[in-house]
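*Asks:* Structure: upload.pdb, PDB, C-alpha atoms.
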ATOM      1  CA  MET A1248      49.058 -28.280 159.790
ATOM      2  CA  ALA A1249      50.928 -31.232 161.256
ATOM      3  CA  GLU A1250      48.981 -34.462 161.629
ATOM      4  CA  TYR A1251      48.619 -35.041 165.360
ATOM      5  CA  PRO A1252      47.033 -37.971 167.155
ATOM      6  CA  SER A1253      43.626 -36.617 168.070
ATOM      7  CA  LEU A1254      41.241 -36.389 171.008
ATOM      8  CA  THR A1255      38.865 -34.068 169.165
ATOM      9  CA  SER A1256      36.099 -36.701 169.178
ATOM     10  CA  ALA A1257      36.178 -36.653 172.996
ATOM     11  CA  VAL A1258      35.415 -32.908 173.117
ATOM     12  CA  GLU A1259      31.926 -31.546 173.790
ATOM     13  CA  PRO A1260      31.739 -28.152 172.038
ATOM     14  CA  LEU A1261      29.991 -25.202 173.647
ATOM     15  CA  ALA A1262      28.885 -21.956 171.991
ATOM     16  CA  LEU A1263      28.850 -19.399 174.792
ATOM     17  CA  GLY A1264      28.238 -16.337 172.620
ATOM     18  CA  GLU A1265      30.525 -14.041 174.614
ATOM     19  CA  SER A1266      34.259 -13.704 175.041
ATOM     20  CA  VAL A1267      35.619 -16.076 177.694
ATOM     21  CA  VAL A1268      37.706 -14.288 180.345
ATOM     22  CA  ALA A1269      38.569 -17.353 182.435
ATOM     23  CA  GLY A1270      37.441 -20.881 183.217
ATOM     24  CA  ALA A1271      37.554 -23.160 186.245
ATOM     25  CA  TRP A1272      36.079 -26.335 187.701
ATOM     26  CA  LEU A1273      33.860 -26.016 190.765
ATOM     27  CA  GLY A1274      33.988 -29.614 191.834
ATOM     28  CA  ASP A1275      32.619 -31.446 188.785
ATOM     29  CA  THR A1276      30.946 -28.331 187.351
ATOM     30  CA  PRO A1277      32.691 -26.337 184.621
ATOM     31  CA  ALA A1278      32.434 -22.555 185.034
ATOM     32  CA  PHE A1279      33.215 -19.875 182.459
ATOM     33  CA  ALA A1280      33.548 -16.186 183.337
ATOM     34  CA  LEU A1281      32.294 -14.167 180.358
ATOM     35  CA  ALA A1282      33.159 -10.626 179.364
ATOM     36  CA  ASP A1283      29.497  -9.570 179.434
ATOM     37  CA  GLY A1284      29.333 -10.019 183.229
ATOM     38  CA  ASN A1285      27.748 -13.476 183.241
ATOM     39  CA  VAL A1286      29.113 -16.787 184.485
ATOM     40  CA  PHE A1287      28.162 -19.890 182.494
ATOM     41  CA  LEU A1288      27.872 -23.019 184.647
ATOM     42  CA  GLY A1289      27.537 -26.575 183.354
ATOM     43  CA  ASP A1290      27.599 -28.185 179.932
ATOM     44  CA  ALA A1291      25.425 -28.368 176.828
ATOM     45  CA  GLU A1292      22.888 -30.656 178.525
ATOM     46  CA  ASP A1293      22.552 -28.857 181.868
ATOM     47  CA  SER A1294      23.618 -25.243 182.131
ATOM     48  CA  ARG A1295      22.706 -21.873 183.529
ATOM     49  CA  ARG A1296      23.907 -18.314 183.173
ATOM     50  CA  VAL A1297      24.268 -16.262 186.319
ATOM     51  CA  ALA A1298      24.554 -12.473 186.179
ATOM     52  CA  ALA A1299      27.531 -11.931 188.471
ATOM     53  CA  HIS A1300      28.042  -8.355 187.242
ATOM     54  CA  PRO A1301      24.774  -7.061 185.748
ATOM     55  CA  ASP A1302      25.330  -4.338 183.148
ATOM     56  CA  ALA A1303      29.091  -4.594 183.635
ATOM     57  CA  ALA A1304      32.064  -6.570 182.347
ATOM     58  CA  ILE A1305      34.160  -9.225 184.065
ATOM     59  CA  LEU A1306      37.817  -8.239 183.882
ATOM     60  CA  VAL A1307      39.534 -10.922 185.976
ATOM     61  CA  ALA A1308      38.626 -14.200 187.648
ATOM     62  CA  SER A1309      40.240 -16.765 189.931
ATOM     63  CA  SER A1310      39.151 -20.024 191.531
ATOM     64  CA  ASP A1311      40.063 -22.304 194.434
ATOM     65  CA  GLY A1312      38.039 -25.252 193.113
ATOM     66  CA  ARG A1313      35.022 -24.473 195.302
ATOM     67  CA  ARG A1314      34.065 -21.040 194.016
ATOM     68  CA  LEU A1315      34.859 -18.764 191.129
ATOM     69  CA  VAL A1316      35.625 -15.198 192.173
ATOM     70  CA  THR A1317      35.216 -12.466 189.565
ATOM     71  CA  GLY A1318      36.222  -8.817 189.473
ATOM     72  CA  GLY A1319      34.444  -6.351 187.235
ATOM     73  CA  ASP A1320      34.599  -2.850 185.816
ATOM     74  CA  ASP A1321      31.748  -2.073 188.221
ATOM     75  CA  GLY A1322      34.216  -2.265 191.118
ATOM     76  CA  ARG A1323      32.639  -5.391 192.573
ATOM     77  CA  VAL A1324      34.276  -8.636 193.652
ATOM     78  CA  VAL A1325      31.787 -11.521 193.481
ATOM     79  CA  ALA A1326      32.047 -15.215 194.419
ATOM     80  CA  ILE A1327      29.905 -17.889 192.787
ATOM     81  CA  ASP A1328      29.620 -21.584 193.662
ATOM     82  CA  ALA A1329      28.560 -24.593 191.613
ATOM     83  CA  THR A1330      24.894 -24.060 192.463
ATOM     84  CA  GLY A1331      24.959 -20.515 191.094
ATOM     85  CA  ALA A1332      24.731 -18.873 194.514
ATOM     86  CA  LEU A1333      26.352 -15.432 194.544
ATOM     87  CA  GLU A1334      28.146 -13.587 197.331
ATOM     88  CA  THR A1335      29.397 -10.004 197.007
ATOM     89  CA  ILE A1336      32.863  -9.964 198.553
ATOM     90  CA  ALA A1337      33.646  -6.284 198.052
ATOM     91  CA  ASP A1338      32.564  -3.108 196.304
ATOM     92  CA  GLU A1339      35.295  -0.629 195.349
ATOM     93  CA  ASN A1340      32.816   2.036 194.241
ATOM     94  CA  GLY A1341      33.328   1.699 190.521
ATOM     95  CA  LYS A1342      37.117   1.301 190.506
ATOM     96  CA  TRP A1343      38.139  -1.442 188.126
ATOM     97  CA  ILE A1344      39.274  -4.680 189.723
ATOM     98  CA  ASP A1345      42.721  -5.374 188.268
ATOM     99  CA  ALA A1346      43.830  -8.626 189.917
ATOM    100  CA  LEU A1347      42.550 -11.472 192.094
ATOM    101  CA  ALA A1348      44.036 -14.328 194.114
ATOM    102  CA  LEU A1349      42.531 -17.100 196.276
ATOM    103  CA  HIS A1350      44.009 -19.495 198.810
ATOM    104  CA  GLU A1351      42.455 -21.646 201.536
ATOM    105  CA  GLY A1352      39.397 -19.430 202.001
ATOM    106  CA  ALA A1353      41.265 -16.134 201.715
ATOM    107  CA  ILE A1354      40.672 -13.710 198.845
ATOM    108  CA  ALA A1355      42.824 -10.815 197.662
ATOM    109  CA  TRP A1356      42.013  -8.181 195.076
ATOM    110  CA  SER A1357      43.472  -4.939 193.769
ATOM    111  CA  ALA A1358      41.923  -1.739 192.465
ATOM    112  CA  GLY A1359      44.427   0.818 191.295
ATOM    113  CA  ARG A1360      47.253   1.202 193.837
ATOM    114  CA  ASN A1361      45.264  -0.398 196.627
ATOM    115  CA  ALA A1362      45.311  -4.119 197.414
ATOM    116  CA  ARG A1363      43.068  -5.807 199.959
ATOM    117  CA  ALA A1364      43.127  -9.226 201.533
ATOM    118  CA  ARG A1365      40.154 -10.878 203.214
ATOM    119  CA  SER A1366      40.997 -13.764 205.523
ATOM    120  CA  ALA A1367      38.971 -16.966 205.674
ATOM    121  CA  LYS A1368      37.298 -15.472 208.765
ATOM    122  CA  GLY A1369      36.214 -12.393 206.802
ATOM    123  CA  GLU A1370      38.652  -9.834 208.207
ATOM    124  CA  VAL A1371      39.805  -7.337 205.556
ATOM    125  CA  LYS A1372      43.193  -5.600 205.541
ATOM    126  CA  SER A1373      44.524  -3.211 202.900
ATOM    127  CA  ILE A1374      47.839  -1.880 201.631
ATOM    128  CA  ASP A1375      48.809   0.975 199.340
ATOM    129  CA  LEU A1376      51.295  -0.062 196.655
ATOM    130  CA  PRO A1377      53.776   2.057 194.651
ATOM    131  CA  SER A1378      51.616   1.816 191.521
ATOM    132  CA  THR A1379      48.684  -0.042 190.001
ATOM    133  CA  CYS A1380      48.815  -3.762 190.760
ATOM    134  CA  ARG A1381      48.143  -6.172 187.880
ATOM    135  CA  GLY A1382      49.216  -9.407 189.554
ATOM    136  CA  LEU A1383      48.503 -11.023 192.931
ATOM    137  CA  ALA A1384      49.489 -14.426 194.310
ATOM    138  CA  PHE A1385      49.229 -16.054 197.724
ATOM    139  CA  PHE A1386      52.119 -18.061 199.085
ATOM    140  CA  PRO A1387      51.307 -21.781 199.363
ATOM    141  CA  LYS A1388      51.857 -21.740 203.129
ATOM    142  CA  GLY A1389      50.865 -19.070 205.611
ATOM    143  CA  TYR A1390      48.792 -15.949 205.093
ATOM    144  CA  ARG A1391      51.180 -14.030 202.842
ATOM    145  CA  LEU A1392      50.608 -12.220 199.556
ATOM    146  CA  ALA A1393      52.799 -11.086 196.652
ATOM    147  CA  ALA A1394      51.706  -8.065 194.588
ATOM    148  CA  ALA A1395      53.364  -7.089 191.288
ATOM    149  CA  HIS A1396      53.640  -3.418 190.350
ATOM    150  CA  TYR A1397      55.952  -0.914 188.697
ATOM    151  CA  ASN A1398      59.623  -1.507 189.612
ATOM    152  CA  GLY A1399      59.100  -4.772 191.453
ATOM    153  CA  ALA A1400      56.856  -6.708 193.790
ATOM    154  CA  THR A1401      55.703  -6.329 197.385
ATOM    155  CA  LEU A1402      55.516  -9.227 199.838
ATOM    156  CA  TRP A1403      52.896  -8.665 202.517
ATOM    157  CA  PHE A1404      51.687 -10.447 205.627
ATOM    158  CA  PRO A1405      48.220  -8.859 206.047
ATOM    159  CA  ASN A1406      48.134  -9.681 209.761
ATOM    160  CA  ALA A1407      51.631  -8.640 210.783
ATOM    161  CA  GLY A1408      54.880  -7.007 209.883
ATOM    162  CA  LYS A1409      56.214  -4.413 207.490
ATOM    163  CA  PRO A1410      55.864  -5.202 203.772
ATOM    164  CA  GLU A1411      59.023  -6.294 201.955
ATOM    165  CA  VAL A1412      59.763  -4.879 198.509
ATOM    166  CA  LEU A1413      61.649  -6.850 195.867
ATOM    167  CA  SER A1414      62.974  -4.310 193.381
ATOM    168  CA  TRP A1415      63.617  -4.570 189.656
ATOM    169  CA  SER A1416      63.164  -1.713 187.191
ATOM    170  CA  GLY A1417      60.249  -1.945 184.802
ATOM    171  CA  SER A1418      56.542  -2.703 184.728
ATOM    172  CA  HIS A1419      55.643  -6.053 186.334
ATOM    173  CA  LEU A1420      52.334  -7.644 185.328
ATOM    174  CA  ASP A1421      51.189 -11.134 186.355
ATOM    175  CA  THR A1422      52.831 -12.914 189.254
ATOM    176  CA  THR A1423      53.176 -16.509 190.401
ATOM    177  CA  ILE A1424      54.863 -18.327 193.292
ATOM    178  CA  SER A1425      56.397 -21.790 193.096
ATOM    179  CA  PRO A1426      54.502 -24.562 194.920
ATOM    180  CA  ASP A1427      57.314 -24.856 197.480
ATOM    181  CA  GLY A1428      57.204 -21.104 198.144
ATOM    182  CA  ARG A1429      60.874 -20.598 197.235
ATOM    183  CA  PHE A1430      60.535 -18.526 194.057
ATOM    184  CA  LEU A1431      58.473 -15.553 192.881
ATOM    185  CA  VAL A1432      58.177 -14.924 189.141
ATOM    186  CA  THR A1433      56.575 -11.973 187.355
ATOM    187  CA  SER A1434      55.877 -11.262 183.708
ATOM    188  CA  MET A1435      56.948  -7.870 182.439
ATOM    189  CA  GLN A1436      55.911  -5.280 179.901
ATOM    190  CA  GLU A1437      59.332  -5.774 178.265
ATOM    191  CA  ASN A1438      58.531  -9.341 177.068
ATOM    192  CA  THR A1439      60.654 -10.975 179.772
ATOM    193  CA  LEU A1440      60.095 -12.771 183.040
ATOM    194  CA  HIS A1441      61.803 -11.723 186.242
ATOM    195  CA  GLY A1442      62.165 -13.827 189.322
ATOM    196  CA  TRP A1443      63.477 -13.719 192.849
ATOM    197  CA  ARG A1444      64.603 -16.446 195.191
ATOM    198  CA  ILE A1445      62.617 -15.516 198.277
ATOM    199  CA  ALA A1446      65.255 -16.531 200.832
ATOM    200  CA  ASP A1447      67.870 -14.002 199.693
ATOM    201  CA  ALA A1448      66.134 -11.918 196.949
ATOM    202  CA  LYS A1449      68.554 -13.282 194.340
ATOM    203  CA  HIS A1450      67.469 -12.168 190.873
ATOM    204  CA  MET A1451      66.474 -14.432 187.998
ATOM    205  CA  ARG A1452      65.947 -13.110 184.493
ATOM    206  CA  MET A1453      64.200 -15.188 181.838
ATOM    207  CA  ALA A1454      64.340 -13.486 178.451
ATOM    208  CA  GLY A1455      63.915 -14.247 174.759
ATOM    209  CA  TYR A1456      60.123 -13.974 174.441
ATOM    210  CA  PRO A1457      58.712 -12.364 171.273
ATOM    211  CA  GLY A1458      55.526 -11.422 173.152
ATOM    212  CA  LYS A1459      54.226 -10.873 176.661
ATOM    213  CA  THR A1460      53.728 -13.815 178.985
ATOM    214  CA  ARG A1461      50.174 -13.672 180.347
ATOM    215  CA  SER A1462      49.727 -17.306 181.365
ATOM    216  CA  PHE A1463      51.728 -19.318 183.915
ATOM    217  CA  SER A1464      51.278 -22.865 185.187
ATOM    218  CA  TRP A1465      53.407 -24.956 187.564
ATOM    219  CA  SER A1466      53.812 -28.702 187.198
ATOM    220  CA  PHE A1467      52.328 -30.738 190.045
ATOM    221  CA  ASP A1468      55.830 -31.513 191.369
ATOM    222  CA  GLY A1469      56.929 -27.868 191.171
ATOM    223  CA  LYS A1470      59.884 -28.671 188.919
ATOM    224  CA  TRP A1471      58.614 -26.902 185.787
ATOM    225  CA  LEU A1472      56.993 -23.544 185.055
ATOM    226  CA  ALA A1473      55.047 -23.463 181.783
ATOM    227  CA  THR A1474      54.617 -20.065 180.133
ATOM    228  CA  SER A1475      52.927 -18.434 177.158
ATOM    229  CA  GLY A1476      54.365 -15.587 175.090
ATOM    230  CA  ALA A1477      56.156 -17.466 172.289
ATOM    231  CA  ASP A1478      55.259 -19.755 169.377
ATOM    232  CA  ALA A1479      55.805 -22.676 171.754
ATOM    233  CA  CYS A1480      55.075 -23.453 175.371
ATOM    234  CA  ILE A1481      58.290 -22.453 177.175
ATOM    235  CA  LEU A1482      59.112 -24.659 180.179
ATOM    236  CA  TRP A1483      61.584 -23.335 182.755
ATOM    237  CA  PRO A1484      63.267 -25.855 185.084
ATOM    238  CA  PHE A1485      62.974 -25.124 188.810
ATOM    239  CA  SER A1486      64.366 -28.310 190.336
ATOM    240  CA  GLY A1487      67.672 -26.799 191.515
ATOM    241  CA  LYS A1488      68.418 -24.362 194.314
ATOM    242  CA  ASP A1489      68.964 -21.555 191.780
ATOM    243  CA  GLY A1490      65.790 -22.208 189.814
ATOM    244  CA  PRO A1491      66.312 -21.797 186.069
ATOM    245  CA  MET A1492      69.591 -19.905 186.352
ATOM    246  CA  GLY A1493      72.315 -21.588 184.322
ATOM    247  CA  GLN A1494      69.803 -23.929 182.697
ATOM    248  CA  SER A1495      68.107 -23.764 179.319
ATOM    249  CA  PRO A1496      64.332 -23.831 178.983
ATOM    250  CA  ARG A1497      62.538 -26.600 177.148
ATOM    251  CA  GLU A1498      59.997 -26.042 174.379
ATOM    252  CA  CYS A1499      56.936 -28.082 173.511
ATOM    253  CA  GLY A1500      53.971 -27.552 171.226
ATOM    254  CA  VAL A1501      56.056 -25.568 168.737
ATOM    255  CA  ARG A1502      54.006 -23.973 165.937
ATOM    256  CA  THR A1503      55.905 -21.476 163.816
ATOM    257  CA  ASN A1504      54.448 -17.954 164.011
ATOM    258  CA  VAL A1505      51.385 -19.092 166.007
ATOM    259  CA  PRO A1506      51.666 -17.688 169.555
ATOM    260  CA  VAL A1507      50.755 -19.704 172.626
ATOM    261  CA  THR A1508      48.142 -17.811 174.657
ATOM    262  CA  ARG A1509      47.286 -20.157 177.568
ATOM    263  CA  VAL A1510      48.993 -23.021 179.385
ATOM    264  CA  ALA A1511      47.713 -25.407 182.076
ATOM    265  CA  PHE A1512      49.646 -28.265 183.641
ATOM    266  CA  HIS A1513      47.823 -31.495 184.452
ATOM    267  CA  PRO A1514      47.327 -31.836 188.245
ATOM    268  CA  GLY A1515      49.049 -35.197 188.479
ATOM    269  CA  ALA A1516      51.146 -35.855 185.366
ATOM    270  CA  LEU A1517      53.871 -34.090 183.406
ATOM    271  CA  VAL A1518      51.418 -33.159 180.672
ATOM    272  CA  VAL A1519      50.635 -29.560 179.747
ATOM    273  CA  ALA A1520      47.581 -28.264 177.896
ATOM    274  CA  ILE A1521      48.437 -25.529 175.406
ATOM    275  CA  GLY A1522      46.097 -23.010 173.761
ATOM    276  CA  TYR A1523      46.992 -20.902 170.742
ATOM    277  CA  GLU A1524      46.201 -17.598 169.056
ATOM    278  CA  ASP A1525      44.269 -19.359 166.279
ATOM    279  CA  GLY A1526      41.990 -21.331 168.610
ATOM    280  CA  MET A1527      43.883 -24.612 168.505
ATOM    281  CA  ALA A1528      44.535 -26.605 171.677
ATOM    282  CA  LEU A1529      46.709 -29.637 172.293
ATOM    283  CA  LEU A1530      48.305 -31.700 175.046
ATOM    284  CA  ALA A1531      52.077 -32.167 175.246
ATOM    285  CA  ARG A1532      53.987 -34.614 177.440
ATOM    286  CA  VAL A1533      57.094 -33.071 178.976
ATOM    287  CA  THR A1534      59.080 -36.301 179.280
ATOM    288  CA  ASP A1535      59.207 -37.133 175.578
ATOM    289  CA  GLY A1536      57.567 -34.170 173.813
ATOM    290  CA  SER A1537      54.724 -36.238 172.363
ATOM    291  CA  GLU A1538      51.640 -34.232 171.404
ATOM    292  CA  ILE A1539      47.961 -34.949 170.906
ATOM    293  CA  LEU A1540      45.361 -32.649 169.386
ATOM    294  CA  VAL A1541      42.417 -31.434 171.471
ATOM    295  CA  ARG A1542      40.931 -28.804 169.153
ATOM    296  CA  ARG A1543      41.709 -27.823 165.571
ATOM    297  CA  PRO A1544      42.351 -24.182 164.663
ATOM    298  CA  ALA A1545      39.208 -22.101 164.315
ATOM    299  CA  GLN A1546      37.861 -21.658 160.795
ATOM    300  CA  GLU A1547      37.550 -17.927 161.407
ATOM    301  CA  ALA A1548      40.785 -16.641 162.939
ATOM    302  CA  LYS A1549      39.436 -13.321 164.235
ATOM    303  CA  ASN A1550      39.319 -13.273 168.061
ATOM    304  CA  ALA A1551      39.804 -17.040 168.078
ATOM    305  CA  ARG A1552      42.629 -17.078 170.632
ATOM    306  CA  ILE A1553      42.286 -19.466 173.542
ATOM    307  CA  SER A1554      41.734 -17.378 176.680
ATOM    308  CA  ALA A1555      40.928 -20.093 179.237
ATOM    309  CA  LEU A1556      42.294 -23.562 180.018
ATOM    310  CA  ALA A1557      41.637 -25.502 183.219
ATOM    311  CA  TRP A1558      41.827 -29.105 184.418
ATOM    312  CA  ASP A1559      39.469 -30.567 186.968
ATOM    313  CA  ALA A1560      40.997 -31.753 190.250
ATOM    314  CA  LYS A1561      41.191 -35.365 189.094
ATOM    315  CA  GLY A1562      42.853 -34.512 185.796
ATOM    316  CA  ALA A1563      40.123 -36.370 183.911
ATOM    317  CA  ARG A1564      38.550 -33.366 182.184
ATOM    318  CA  LEU A1565      39.839 -30.178 180.577
ATOM    319  CA  LEU A1566      37.871 -27.073 179.688
ATOM    320  CA  PHE A1567      38.888 -24.441 177.162
ATOM    321  CA  GLY A1568      37.379 -21.159 176.093
ATOM    322  CA  ALA A1569      38.155 -18.580 173.423
ATOM    323  CA  GLU A1570      37.688 -14.858 172.943
ATOM    324  CA  ASN A1571      35.104 -15.451 170.202
ATOM    325  CA  GLY A1572      32.807 -17.299 172.627
ATOM    326  CA  ASP A1573      33.654 -20.816 171.510
ATOM    327  CA  ALA A1574      34.432 -23.311 174.270
ATOM    328  CA  GLY A1575      34.606 -27.007 174.916
ATOM    329  CA  LEU A1576      34.971 -29.802 177.451
ATOM    330  CA  LEU A1577      37.443 -32.631 176.908
ATOM    331  CA  THR A1578      36.874 -35.898 178.763
ATOM    332  CA  LEU A1579      39.976 -38.060 178.619
ATOM    333  CA  PRO A1580      39.343 -41.656 177.575
ATOM    334  CA  LYS A1581      39.648 -44.090 180.481
ATOM    335  CA  GLN A1582      42.712 -46.286 180.307
TER     336      GLN A1582
END
Please go through the file and, once you have read it, give me the structure as structure tokens.
*Replies:*
Amino acid sequence: MAEYPSLTSAVEPLALGESVVAGAWLGDTPAFALADGNVFLGDAEDSRRVAAHPDAAILVASSDGRRLVTGGDDGRVVAIDATGALETIADENGKWIDALALHEGAIAWSAGRNARARSAKGEVKSIDLPSTCRGLAFFPKGYRLAAAHYNGATLWFPNAGKPEVLSWSGSHLDTTISPDGRFLVTSMQENTLHGWRIADAKHMRMAGYPGKTRSFSWSFDGKWLATSGADACILWPFSGKDGPMGQSPRECGVRTNVPVTRVAFHPGALVVAIGYEDGMALLARVTDGSEILVRRPAQEAKNARISALAWDAKGARLLFGAENGDAGLLTLPKQ
């Protein structure tokens, strides 16, 4: 393995004992959604486990920085805050929760072909989609939702108007919207990304991935989209009016034949955290490609892939979690 400058001594390791589905910061409190239905809150010194989905599994999770919302194979959507207080948002009577999205107090979830949106005031609206929805994303402004499904994506104002369908053949999985609200991008079953410019539905196709992209992250300035799905973090430029069309992507964190599984841009710098199939994690700076090690590859490669990466709001701490239950908290040294 290449000799990287290292931050490994600044990492507090955690042994969570269960596969990590997702991670987030609730204020200053790290939170890990675990496959066994529990949420782990805190660190090695002060922690608790909260049974968000007793006798069930957490399938998906999303956070707005104040609460972590989880969806389970019990059909329940549950919100948890930093104190461990639980609120049941919805119960879909045993239907698996396939996707979640949060924005400014609103929550959206999908179960099969049905997607629902609950406003910050608690009003719930629903829509039937052409097929099962695996990806949901709120627009950064206004109460509007994008839902990915077979043969495209649906744009929906829950409070008004007829849904708009953006069509493209194939199975669309995760979805993300640029911070300026101009572009919608989905990952696809065919190991490609597809995008639309919202204003005129102009298509964007981003191909060349050896695997599926299941992790997206936008840079704080909205000019870069970091993606998993290759043996490097692939960065697509979105600074122009046509997004990445006519431009080549940039690569960072290249490791031959070791797939990137998670990416997370720093909230205030052009630095991206990258997690790998073998449990390694590092930071890469976009401007010059410099890299620094956060975590070495796992000694036992089975189920070691990084499945969660998240920065706190200040960009001072990073959490990571893996499918084998290993996790850690990086505190960046103060300058």
*Asks:* Taking the file as I've supplied it (selection: the PyMOL selection byres ((chain A and resi 1438-1446) around 8)), which residues are included? Please answer as a PDB file with C-alpha atoms, in the coordinates of the input.
*Replies:*
ATOM      1  CA  LEU A1413      61.649  -6.850 195.867  1.00  0.00           C
ATOM      2  CA  GLY A1428      57.204 -21.104 198.144  1.00  0.00           C
ATOM      3  CA  ARG A1429      60.874 -20.598 197.235  1.00  0.00           C
ATOM      4  CA  PHE A1430      60.535 -18.526 194.057  1.00  0.00           C
ATOM      5  CA  LEU A1431      58.473 -15.553 192.881  1.00  0.00           C
ATOM      6  CA  VAL A1432      58.177 -14.924 189.141  1.00  0.00           C
ATOM      7  CA  THR A1433      56.575 -11.973 187.355  1.00  0.00           C
ATOM      8  CA  SER A1434      55.877 -11.262 183.708  1.00  0.00           C
ATOM      9  CA  MET A1435      56.948  -7.870 182.439  1.00  0.00           C
ATOM     10  CA  GLN A1436      55.911  -5.280 179.901  1.00  0.00           C
ATOM     11  CA  GLU A1437      59.332  -5.774 178.265  1.00  0.00           C
ATOM     12  CA  ASP A1447      67.870 -14.002 199.693  1.00  0.00           C
ATOM     13  CA  ALA A1448      66.134 -11.918 196.949  1.00  0.00           C
ATOM     14  CA  LYS A1449      68.554 -13.282 194.340  1.00  0.00           C
ATOM     15  CA  HIS A1450      67.469 -12.168 190.873  1.00  0.00           C
ATOM     16  CA  MET A1451      66.474 -14.432 187.998  1.00  0.00           C
ATOM     17  CA  ARG A1452      65.947 -13.110 184.493  1.00  0.00           C
ATOM     18  CA  MET A1453      64.200 -15.188 181.838  1.00  0.00           C
ATOM     19  CA  ALA A1454      64.340 -13.486 178.451  1.00  0.00           C
ATOM     20  CA  GLY A1455      63.915 -14.247 174.759  1.00  0.00           C
ATOM     21  CA  TYR A1456      60.123 -13.974 174.441  1.00  0.00           C
ATOM     22  CA  PRO A1457      58.712 -12.364 171.273  1.00  0.00           C
ATOM     23  CA  GLY A1458      55.526 -11.422 173.152  1.00  0.00           C
ATOM     24  CA  LYS A1459      54.226 -10.873 176.661  1.00  0.00           C
ATOM     25  CA  THR A1460      53.728 -13.815 178.985  1.00  0.00           C
ATOM     26  CA  GLY A1476      54.365 -15.587 175.090  1.00  0.00           C
ATOM     27  CA  ASP A1489      68.964 -21.555 191.780  1.00  0.00           C
ATOM     28  CA  GLY A1490      65.790 -22.208 189.814  1.00  0.00           C
TER      29      GLY A1490
END
*Asks:* If you count all atoms listed in the file, which residues fall within 6 Å of Pro1544 in chain A, apart from same-chain ones fewer than 5 positions away, as a VMD selection string?
*Replies:* chain A and resid 1525 to 1527
*Asks:* Any chance you could resolve the PyMOL selection byres ((chain A and resi 1421) around 8) against this file and give the residues as a list of chain:residue names?
*Replies:*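 With the PyMOL selection byres ((chain A and resi 1421) around 8) on this model, the match is A:Arg1381, A:Gly1382, A:Leu1383, A:Ala1395, A:His1419, A:Leu1420, A:Thr1422, A:Thr1423, A:Thr1433, A:Ser1434, A:Met1435, A:Arg1461.
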*Asks:* Check which residues satisfy the PyMOL selection byres ((chain A and resi 1505) around 8) in the file shown, then give them as a list in words.
*Replies:*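 Matching residues under the PyMOL selection byres ((chain A and resi 1505) around 8) are Asp1478, Arg1502, Thr1503, Asn1504, Pro1506, Val1507, Tyr1523, Glu1524 and Asp1525 of chain A.
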*Asks:* Around (44.2, -32.8, 184.3) in the file's own coordinates, what residues are found within 8 Å if you use only C-alpha atoms, given back as a list in words?
*Replies:*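 Result, sorted by chain then residue number: Phe1512, His1513, Pro1514, Gly1515, Ala1516, Ala1557, Trp1558, Asp1559, Ala1560, Lys1561, Gly1562, Ala1563, Arg1564 and Leu1565 of chain A.
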*Asks:* Would you mind telling me which residue in A:Thr1330, A:Ser1294, A:Val1268, A:Ile1539 lies nearest to Glu1250 in chain A when using all atoms listed in the file?
*Replies:* A:Ile1539
*Asks:* Taking all atoms listed in the file into account, name the residue in A:Asp1320, A:Gly1469, A:Lys1549, A:Gly1369 that is nearest to Asn1571 in chain A.
*Replies:*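 For Asn1571 in chain A, the nearest of the candidates is A:Lys1549.
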*Asks:* Report as a PyMOL selection string all protein, DNA and RNA residues lying within 7 Å of range 1471-1474 of chain A, evaluated on only C-alpha atoms, omitting residues in the same chain fewer than 6 positions from it.
*Replies:* chain A and resi 1460+1462-1465+1480-1485+1510
*Asks:* For CA of Ala1479 in chain A and CA of Pro1426 in chain A, quote the distance in Å rounded to one decimal.
*Replies:* 23.3 Å
*Asks:* With only C-alpha atoms as the basis for distance, which of A:Asp1311, A:Ile1327, A:Ala1528, A:Ala1394 is at the shortest distance from Ile1354 in chain A?
*Replies:*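 When distances to Ile1354 in chain A are compared using only C-alpha atoms, the smallest one comes from A:Asp1311.
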*Asks:* Grab the CA of Pro1301 in chain A to CA of Phe1279 in chain A distance for me, in Å with one decimal place.
*Replies:*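 Between CA of Pro1301 in chain A and CA of Phe1279 in chain A the gap works out to 15.7 Å.
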*Asks:* To one decimal place, how far is CA of Asp1283 in chain A from CA of Ser1366 in chain A in Å?
*Replies:*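 Separation between CA of Asp1283 in chain A and CA of Ser1366 in chain A: 28.8 Å.
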*Asks:* Assuming 8 Å of padding per side, give the centre and edge lengths of the axis-aligned box around every listed atom of range 1248-1264 of chain A, in Å to one decimal and as AutoDock Vina command-line options.
*Replies:*
--center_x 39.6 --center_y -27.2 --center_z 167.3 --size_x 38.7 --size_y 37.6 --size_z 31.0
*Asks:* Using all atoms listed in the file, which of the listed residues (A:Leu1254, A:Ala1262, A:Val1324, A:Ile1521) sits closest to Ala1574 in chain A?
*Replies:*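 Looking at the shortest contact to Ala1574 in chain A, the residue is A:Ala1262.
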*Asks:* I need the residue nearest Asp1293 in chain A from this list: A:Ser1266, A:Arg1323, A:Trp1356, A:Leu1261. Use all atoms listed in the file for the distance.
*Replies:*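 Looking at the shortest contact to Asp1293 in chain A, the residue is A:Leu1261.
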*Asks:* Given the point (29.2, -3.9, 191.7) in the coordinates of this file, which residues lie within 7 Å, counting only C-alpha atoms, and how would they look as a PDB file with C-alpha atoms, in the coordinates of the input?
*Replies:*
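Resulting contents of result_16.pdb:
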ATOM      1  CA  HIS A1300      28.042  -8.355 187.242  1.00  0.00           C
ATOM      2  CA  ASP A1321      31.748  -2.073 188.221  1.00  0.00           C
ATOM      3  CA  GLY A1322      34.216  -2.265 191.118  1.00  0.00           C
ATOM      4  CA  ARG A1323      32.639  -5.391 192.573  1.00  0.00           C
ATOM      5  CA  ASP A1338      32.564  -3.108 196.304  1.00  0.00           C
TER       6      ASP A1338
END
